[in-house]
Structures are given as C-alpha cells and as structure tokens.
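Undergrad: What follows is a structure written as structure tokens; I'll ask about it next.
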Amino acid sequence: MLHIKCPHCGIRSQNEFSYGGDATIKRPELGKEISDQDWDNFVYNRKSLRGKHWELWQHLSGCRQWIKVQRDTATHEIFKTLKANEEIS
Amino acid sequence: MQKYSVFSLVKNALSNHQNWDLAWKDPTPKKEYDVVIIGGGGHGLATAYYLAKEHNITNVAIIEKGWIGGGNVGRNTTIIRSNYMHDDNALFSEFGMDLWRRMSQDLNYNVMFSPRGIINLAHSDAQMNTYARRGNSMRLNGIDAVLLNREEVKEIIPMADFSENVRFPIFGGLMQPSAGTARHDAVAWGYARQADDMGVDIIQNCEVIGFDLSAGKINGVRTSRGDIKAKKIGLCVAGSTNILAEKLNMTLPIETHLLQACVSEPVKPVLDKVVTFGAGHFYISQSDKGEMVMGGDLDGYNSYAQRGNLPTLQHVLTEGIAMMPFLSKLKMLRTWGGIMDMSMDGSPIIDKTHIEGLYLNCGWCYGGFKATPASGWTFAHTIAQDRVHELNAGYSLNRFNTGHLLDEKGLGTKTWIS
C-alpha cells in the first residue's frame with residue numbers, strides 16, 4: 001500500500017487517490033502552429049523510465065485536488081509531493 | 001536432438017533418467033551474428049525459432065538478461081483466445097490459434113494446449129448487444145463465437161452467482177469454444193529447444209548495456225558479455241522496452257505498468273472454462289493441478305516492481321467473489337506481479353523503426369502470452385524480409401501519428417485505467 005502525502009490533507013492511503021500519469025508532459029501552447037510530431041509527443045509518447053518519476057495523482061476520495069508526486073517506479077518510494085500549480089524544481 | 005516420445009521416456013526410465021540430453025546449450029557469444037534478438041521470453045524465442053524454420057536464418061543469437069522464460073511468459077494466466085472485433089486483431093490472433101493447435105507436434109514438446117473455451121459474461125442488455133456485434137464480427141473472420149443467454153450460461157457454469165438480487169446479474173455471455181489455456185513454461189522451453197537445435201545461440205545472463213549505431217544504421221549491441229555485431233536486431237523485451245528505447249534515444253507510445261495475478265489452493269475440478277467478469281476486469285480458470293488461476297486490473301501507476309500491492313488485488317478479488325461466491329472460501333496460495341508494456345491504444349507494435357536494421361516488438365498489454373506464436377512468426381517475417389507481413393501491418397509504430405489506432409476496448413490512451 002502506498003502512503004501519499006497530499007499537500008492539502010497530509011498522509012493518506014493510496015485507496016483515496018487515482019492516478020493521472022506523467023506530470024512533466026506539457027500541452028502544446030494554444031494558438032501556435034503545432035506539428036503532428038508535437039501532438040504525438042503530447043498525447044502518446046512517454047519515457048516511462050525505471051527510477052524517479054514525477055506523476056499526477058488526484059485525491060479523489062479526499063480534497064479532490066490534483067497533486068504532483070515524485071515516486072520511484074522500481075521501489076515505490078515517494079520522495080516529494082507538490083500542489084498542482086507548483087513547478088517541479 | 002533426442003526426440004521426446006513414449007519410447008524415449010521408457011528408455012530413459014531404465015537408466016533412472018540420468019542420461020537425458022540437455023534441452024539447450026549454454027554457448028559463449030560469438031563476435032557476430034546475422035540477427036540478434038534481445039529478450040529470451042516467449043516472443044523472442046518464438047521469433048528465433050521461426051527465423052530458423054521459415055526463413056533459414058540460423059546464425060541468430062537470443063540475448064537474455066536473466067534466464068529464458070523468467071519474465072512474463074512465466075508469470076501469466078495462460079489464456080489463449082482470438083475473440084477480437086477489429087479485423088487486424090482478429091486475423092492476427094486466429095492465425096496464432098492455428099499455430100497453437102499444432103504447437104505440441106511442431107515443437108515435439110507437450111505444451112498442454114487445452115481448448116476448453118472462454119466465456120465473457122454480460123451483465124446488461126446493452127452489453128449483450130455489444131457482444132452480439134463482436135461475435136458477428138468474429139464469425140465474419142472465421143472465428144467461432146456463440147452468444148449464450150442466461151440459461152445457457154447457467155448450464156455451463158452453475159457455480160456462478162445466478163441469484164436475482166445481485167448488483168451485476170448475469171444476462172448471458174459470449175463464448176469462443178476454441179479458446180483455452182496452455183502450459184506457459186513449456187511454450188518457452190519448447191521454442192528454446194527447437195531453436196537451439198537449428199543453430200540459434202541462447203545466451204543467458206547477458207545484459208544489454210548499449211547499442212552501436214552509425215548514420216542511422218544499427219551495427220551491433222554492447223552487452224555485459226562483450227560487444228556483438230549484427231546488421232539486424234529485434235527488440236522483444238516487453239516491460240523493459242522503455243529502458244532500451246531510452247538507450248536508443250527513442251520515446252515510444254508505451255508505458256510500463258504492473259499487473260498482478262494469483263492462484264488459490266488446489267481444489268477438485270469445478271470450472272472447465274475460462275470465464276471473465278463483464279462488469280469490471282477479472283478472469284478465472286482452473287489449472288490442471290486444481291488451483292483457481294485469477295487476474296484482473298493493472299495496479300494503475302507506472303511501475304517496474306515485479307511485485308504486487310494489496311489494494312488492487314483486493315479490488316480484483318472482490319469482483320471475483322461477486323461473480324463466483326464460492327471463491328471466498330478458498331485460501332490464497334500465491335500472488336505475483338509482472339511488468340507490462342502498455343501501448344496507448346491497447347494493441348501491440350510489431351514494426352520496423354526509423355533506425356535501419358532495428359525492429360520493434362512491444363505493447364502487448366494484457367495479451368502477450370496468447371500472441372506468442374503469431375508474434376514470433378510475424379516478427380521473424382518482418383526481420384527476415386525487412387518488411388511487415390499483412391498480418392502485422394496494422395501493428396505499425398506510426399499509427400499513433402497518423403491516427404490509425406487499433407482501439408479494441410475503446411479506452412483511448414489510458415489503457416492503464418481499464
């Protein structure tokens with residue numbers, strides 16, 4: 001069982017959260033000319049590496065906020081959590 | 001090679017089974033091969049076998065980081081089926097069904113193929129309609145499909161919950177009678193033994209460290225047991241695809257996720273079909289030893305941990321108990337996890353890449369085991385002829401770019417939600 005520290009509510013069990021995927025993916029800017037490859041990278045292509053991984057989770061059965069979590073994909077250790085609007089440093 | 005038969009069994013019994021030949025050798029890697037297959041799982045071994053058998057390419061090495069058959073081919077729930085609606089999936093899988101039916105004879109190895117049938121349960125009128133549609137599509141592609149009503153399902157699996165006041169009543173189901181199961185390890189070992197006999201080098205405990213590339217062409221691979229030259233390299237590494245893609249500077253429409261399975265204590269024969277729950281994701285069959293073999297959802301977040309986490313297992317087994325209440329009386333014998341290469345539309349990729357001489361086989365999601373022979377056959381063709389076969393033309397890498405997705409389940413890019 002993962003224990004995720006929601007930046008709004010504190011430590012909660014994994015059961016309260018749902019997963020939202022890679023948090024480093026940025027949507028191409030609106031109003032700009034976007035190549036098919038840029039869209040492809042945004043929608044489909046993922047690094048999905050072994051090791052530290054920034055990802056989005058939603059505290060669905062809690063405060064319902066989206067948060068960013070840095071987790072190790074091999075050991076499941078959680079290093080850091082951020083609010084959705086905080087930048088990954 | 002020693003042929004396996006009842007006579008060889010009797011003959012070796014006389015010498016206390018001390019004189020059997022080794023099933024495959026343990027060669028030292030050569031400096032150069034015509035083709036190197038990375039990944040000694042079911043698909044990699046099958047690819048090498050069909051390269052040798054169908055294309056007479058025998059100067060082939062299989063490079064495996066651990067031991068052959070130790071990954072997902074040793075960890076799956078052994079289900080074999082071709083109950084797909086889309087033509088590309090249906091024709092590919094049904095081609096595989098033909099190979100499954102002949103496999104024990106072809107490989108001279110009993111893979112214990114058991115075409116016992118699979119039933120997908122339906123729990124609403126709407127689901128019955130979609131099953132009717134899928135069943136019709138299957139029959140148009142020459143695959144056996146039978147739409148069962150509630151009473152017919154009850155005849156076949158009376159142990160399921162047919163009471164009136166349940167959350168997901170059984171309306172009926174879609175059955176593919178020719179689907180079934182097989183002994184997973186035997187598939188890997190059977191392919192390995194035949195490939196080895198035809199001259200393929202199976203190199204275990206050999207990790208890929210990097211690739212030798214120049215001017216968009218592949219020249220070879222760097223491994224923990226030295227550099228190996230090859231003009232053609234096939235990547236067949238399932239859950240480790242993203243790790244090797246990183247070394248090739250490629251970003252793929254693949255995420256790596258954890259999938260769990262489990263078996264109960266062995267019990268007397270009770271279930272002679274593969275059954276899937278239609279209101280969630282749960283599947284069950286009974287092994288020859290009597291264990292109930294069960295599986296379902298991914299854990300739902302990117303993971304390379306080959307071990308499970310309890311919340312998902314609880315969720316999956318809750319579905320199982322809703323479908324077959326007697327399961328709650330059973331003790332759990334074993335649970336385990338494997339890492340899946342989840343593609344963004346739920347369908348696999350068997351294709352060439354932008355690097356000349358590099359071929360890609362990945363994205364098997366939940367369905368890698370059943371695809372083993374067809375995947376090996378088509379991947380071998382793609383490598384040998386340097387062009388895709390019509391059977392795997394739909395499994396192209398650039399379909400995500402062009403919009404020709406093969407979204408069998410209609411899940412979009414979130415195949416890990418399911």
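Following the order of the structure tokens, chains are lettered A, B, ..., residues in each are numbered from 1, and ligands are numbered from 1.
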Name the residues in contact with range 327-331 of chain B at a cut-off of 8 Å, using only C-alpha atoms, excluding same-chain residues fewer than 5 positions from it; report them as a list in words.
TA: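 Counting only the stated atoms, we get Ser264, Glu265, Gly320 and Ile321 of chain B.
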Undergrad: Identify every residue of chain B that has at least one atom within 8 Å of any atom of chain A, counting only C-alpha atoms, and report the result as a ChimeraX atom specification.
TA: /B:242-243,246,251-256,300-305,309-311,344,400-401,413
Undergrad: Taking only range 6-53 of chain A into account, list the residues labelled alpha helix (DSSP H) by DSSP (computed from the backbone), as a ChimeraX atom specification.
TA: /A:36-43
Undergrad: Grab the residues selected above and save them as a PDB file, in the first residue's frame with all heavy atoms.
TA:
```pdb
ATOM      1  N   ASP A  36       2.497  17.690 -36.209  1.00  0.00           N
ATOM      2  CA  ASP A  36       1.914  16.398 -35.832  1.00  0.00           C
ATOM      3  C   ASP A  36       2.793  15.702 -34.794  1.00  0.00           C
ATOM      4  O   ASP A  36       2.303  15.054 -33.876  1.00  0.00           O
ATOM      5  CB  ASP A  36       1.783  15.490 -37.072  1.00  0.00           C
ATOM      6  CG  ASP A  36       0.591  15.889 -37.925  1.00  0.00           C
ATOM      7  OD1 ASP A  36      -0.134  16.821 -37.506  1.00  0.00           O
ATOM      8  OD2 ASP A  36       0.407  15.297 -38.999  1.00  0.00           O
ATOM      9  N   GLN A  37       4.114  15.864 -34.952  1.00  0.00           N
ATOM     10  CA  GLN A  37       5.033  15.210 -34.020  1.00  0.00           C
ATOM     11  C   GLN A  37       4.871  15.765 -32.601  1.00  0.00           C
ATOM     12  O   GLN A  37       4.897  15.009 -31.634  1.00  0.00           O
ATOM     13  CB  GLN A  37       6.469  15.387 -34.508  1.00  0.00           C
ATOM     14  CG  GLN A  37       7.488  14.525 -33.759  1.00  0.00           C
ATOM     15  CD  GLN A  37       7.132  13.036 -33.809  1.00  0.00           C
ATOM     16  OE1 GLN A  37       6.851  12.487 -34.863  1.00  0.00           O
ATOM     17  NE2 GLN A  37       7.115  12.389 -32.651  1.00  0.00           N
ATOM     18  N   ASP A  38       4.650  17.078 -32.483  1.00  0.00           N
ATOM     19  CA  ASP A  38       4.434  17.670 -31.155  1.00  0.00           C
ATOM     20  C   ASP A  38       3.180  17.089 -30.508  1.00  0.00           C
ATOM     21  O   ASP A  38       3.155  16.777 -29.322  1.00  0.00           O
ATOM     22  CB  ASP A  38       4.284  19.194 -31.260  1.00  0.00           C
ATOM     23  CG  ASP A  38       5.611  19.863 -31.576  1.00  0.00           C
ATOM     24  OD1 ASP A  38       6.659  19.218 -31.340  1.00  0.00           O
ATOM     25  OD2 ASP A  38       5.597  21.008 -32.062  1.00  0.00           O
ATOM     26  N   TRP A  39       2.118  16.968 -31.297  1.00  0.00           N
ATOM     27  CA  TRP A  39       0.879  16.392 -30.774  1.00  0.00           C
ATOM     28  C   TRP A  39       1.094  14.931 -30.369  1.00  0.00           C
ATOM     29  O   TRP A  39       0.627  14.481 -29.322  1.00  0.00           O
ATOM     30  CB  TRP A  39      -0.245  16.458 -31.802  1.00  0.00           C
ATOM     31  CG  TRP A  39      -0.951  17.768 -31.819  1.00  0.00           C
ATOM     32  CD1 TRP A  39      -1.053  18.635 -32.850  1.00  0.00           C
ATOM     33  CD2 TRP A  39      -1.674  18.370 -30.715  1.00  0.00           C
ATOM     34  NE1 TRP A  39      -1.772  19.746 -32.482  1.00  0.00           N
ATOM     35  CE2 TRP A  39      -2.166  19.613 -31.178  1.00  0.00           C
ATOM     36  CE3 TRP A  39      -1.929  17.999 -29.400  1.00  0.00           C
ATOM     37  CZ2 TRP A  39      -2.903  20.465 -30.380  1.00  0.00           C
ATOM     38  CZ3 TRP A  39      -2.668  18.848 -28.596  1.00  0.00           C
ATOM     39  CH2 TRP A  39      -3.151  20.069 -29.085  1.00  0.00           C
ATOM     40  N   ASP A  40       1.829  14.223 -31.222  1.00  0.00           N
ATOM     41  CA  ASP A  40       2.137  12.821 -30.961  1.00  0.00           C
ATOM     42  C   ASP A  40       2.856  12.680 -29.617  1.00  0.00           C
ATOM     43  O   ASP A  40       2.515  11.836 -28.792  1.00  0.00           O
ATOM     44  CB  ASP A  40       3.054  12.340 -32.095  1.00  0.00           C
ATOM     45  CG  ASP A  40       2.859  10.882 -32.395  1.00  0.00           C
ATOM     46  OD1 ASP A  40       1.815  10.340 -32.004  1.00  0.00           O
ATOM     47  OD2 ASP A  40       3.754  10.282 -33.014  1.00  0.00           O
ATOM     48  N   ASN A  41       3.845  13.557 -29.419  1.00  0.00           N
ATOM     49  CA  ASN A  41       4.606  13.503 -28.167  1.00  0.00           C
ATOM     50  C   ASN A  41       3.733  13.840 -26.964  1.00  0.00           C
ATOM     51  O   ASN A  41       3.866  13.242 -25.904  1.00  0.00           O
ATOM     52  CB  ASN A  41       5.795  14.471 -28.218  1.00  0.00           C
ATOM     53  CG  ASN A  41       6.860  13.977 -29.164  1.00  0.00           C
ATOM     54  OD1 ASN A  41       6.940  12.787 -29.458  1.00  0.00           O
ATOM     55  ND2 ASN A  41       7.678  14.895 -29.669  1.00  0.00           N
ATOM     56  N   PHE A  42       2.829  14.802 -27.155  1.00  0.00           N
ATOM     57  CA  PHE A  42       1.974  15.201 -26.048  1.00  0.00           C
ATOM     58  C   PHE A  42       0.952  14.116 -25.695  1.00  0.00           C
ATOM     59  O   PHE A  42       0.736  13.780 -24.537  1.00  0.00           O
ATOM     60  CB  PHE A  42       1.245  16.507 -26.404  1.00  0.00           C
ATOM     61  CG  PHE A  42       0.134  16.850 -25.437  1.00  0.00           C
ATOM     62  CD1 PHE A  42       0.408  17.106 -24.098  1.00  0.00           C
ATOM     63  CD2 PHE A  42      -1.188  16.899 -25.867  1.00  0.00           C
ATOM     64  CE1 PHE A  42      -0.610  17.414 -23.207  1.00  0.00           C
ATOM     65  CE2 PHE A  42      -2.211  17.197 -24.985  1.00  0.00           C
ATOM     66  CZ  PHE A  42      -1.921  17.454 -23.647  1.00  0.00           C
ATOM     67  N   VAL A  43       0.347  13.538 -26.715  1.00  0.00           N
ATOM     68  CA  VAL A  43      -0.764  12.604 -26.464  1.00  0.00           C
ATOM     69  C   VAL A  43      -0.262  11.190 -26.152  1.00  0.00           C
ATOM     70  O   VAL A  43      -0.766  10.536 -25.243  1.00  0.00           O
ATOM     71  CB  VAL A  43      -1.734  12.567 -27.660  1.00  0.00           C
ATOM     72  CG1 VAL A  43      -2.885  11.591 -27.389  1.00  0.00           C
ATOM     73  CG2 VAL A  43      -2.298  13.942 -27.945  1.00  0.00           C
TER      74      VAL A  43
END
```
Undergrad: Report the residues of chain A whose backbone DSSP state falls under strand (DSSP E), written as a PyMOL selection string.
TA: chain A and resi 3-6+10-13+18-22+52-58+66-72+78-83
Undergrad: Could you work out how far CA of Arg334 in chain B lies from CA of Leu313 in chain B, giving the answer in Å with one decimal?
TA: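 The value is 11.8 Å.
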Undergrad: So that I can check the surroundings of range 5-19 of chain B, please list as a PyMOL selection string every protein, DNA and RNA residue that reaches within 12 Å of it, counting only C-alpha atoms and ignoring chain neighbours fewer than 5 positions away.
TA: chain B and resi 104-105+108-110
Undergrad: Any chance you can output those residues with N, CA, C and O atoms as a JSON list (two decimals), in the first residue's frame?
TA:
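And here's part10.json as it stands now:
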```json
[["chain", "number", "residue", "atom", "x", "y", "z"],
["B", 104, "SER", "N", 2.28, -28.48, -30.11],
["B", 104, "SER", "CA", 2.91, -29.63, -29.43],
["B", 104, "SER", "C", 3.60, -30.54, -30.42],
["B", 104, "SER", "O", 4.69, -31.04, -30.17],
["B", 105, "GLN", "N", 2.97, -30.76, -31.60],
["B", 105, "GLN", "CA", 3.55, -31.60, -32.64],
["B", 105, "GLN", "C", 4.75, -30.90, -33.29],
["B", 105, "GLN", "O", 5.80, -31.50, -33.46],
["B", 108, "ASN", "N", 7.61, -30.84, -30.84],
["B", 108, "ASN", "CA", 7.90, -32.11, -30.16],
["B", 108, "ASN", "C", 8.01, -31.86, -28.65],
["B", 108, "ASN", "O", 8.94, -32.30, -27.98],
["B", 109, "TYR", "N", 7.07, -31.08, -28.15],
["B", 109, "TYR", "CA", 7.09, -30.71, -26.74],
["B", 109, "TYR", "C", 5.64, -30.50, -26.32],
["B", 109, "TYR", "O", 4.92, -29.74, -26.97],
["B", 110, "ASN", "N", 5.21, -31.18, -25.30],
["B", 110, "ASN", "CA", 3.80, -31.10, -24.91],
["B", 110, "ASN", "C", 3.51, -29.77, -24.22],
["B", 110, "ASN", "O", 3.87, -29.59, -23.06]]
```
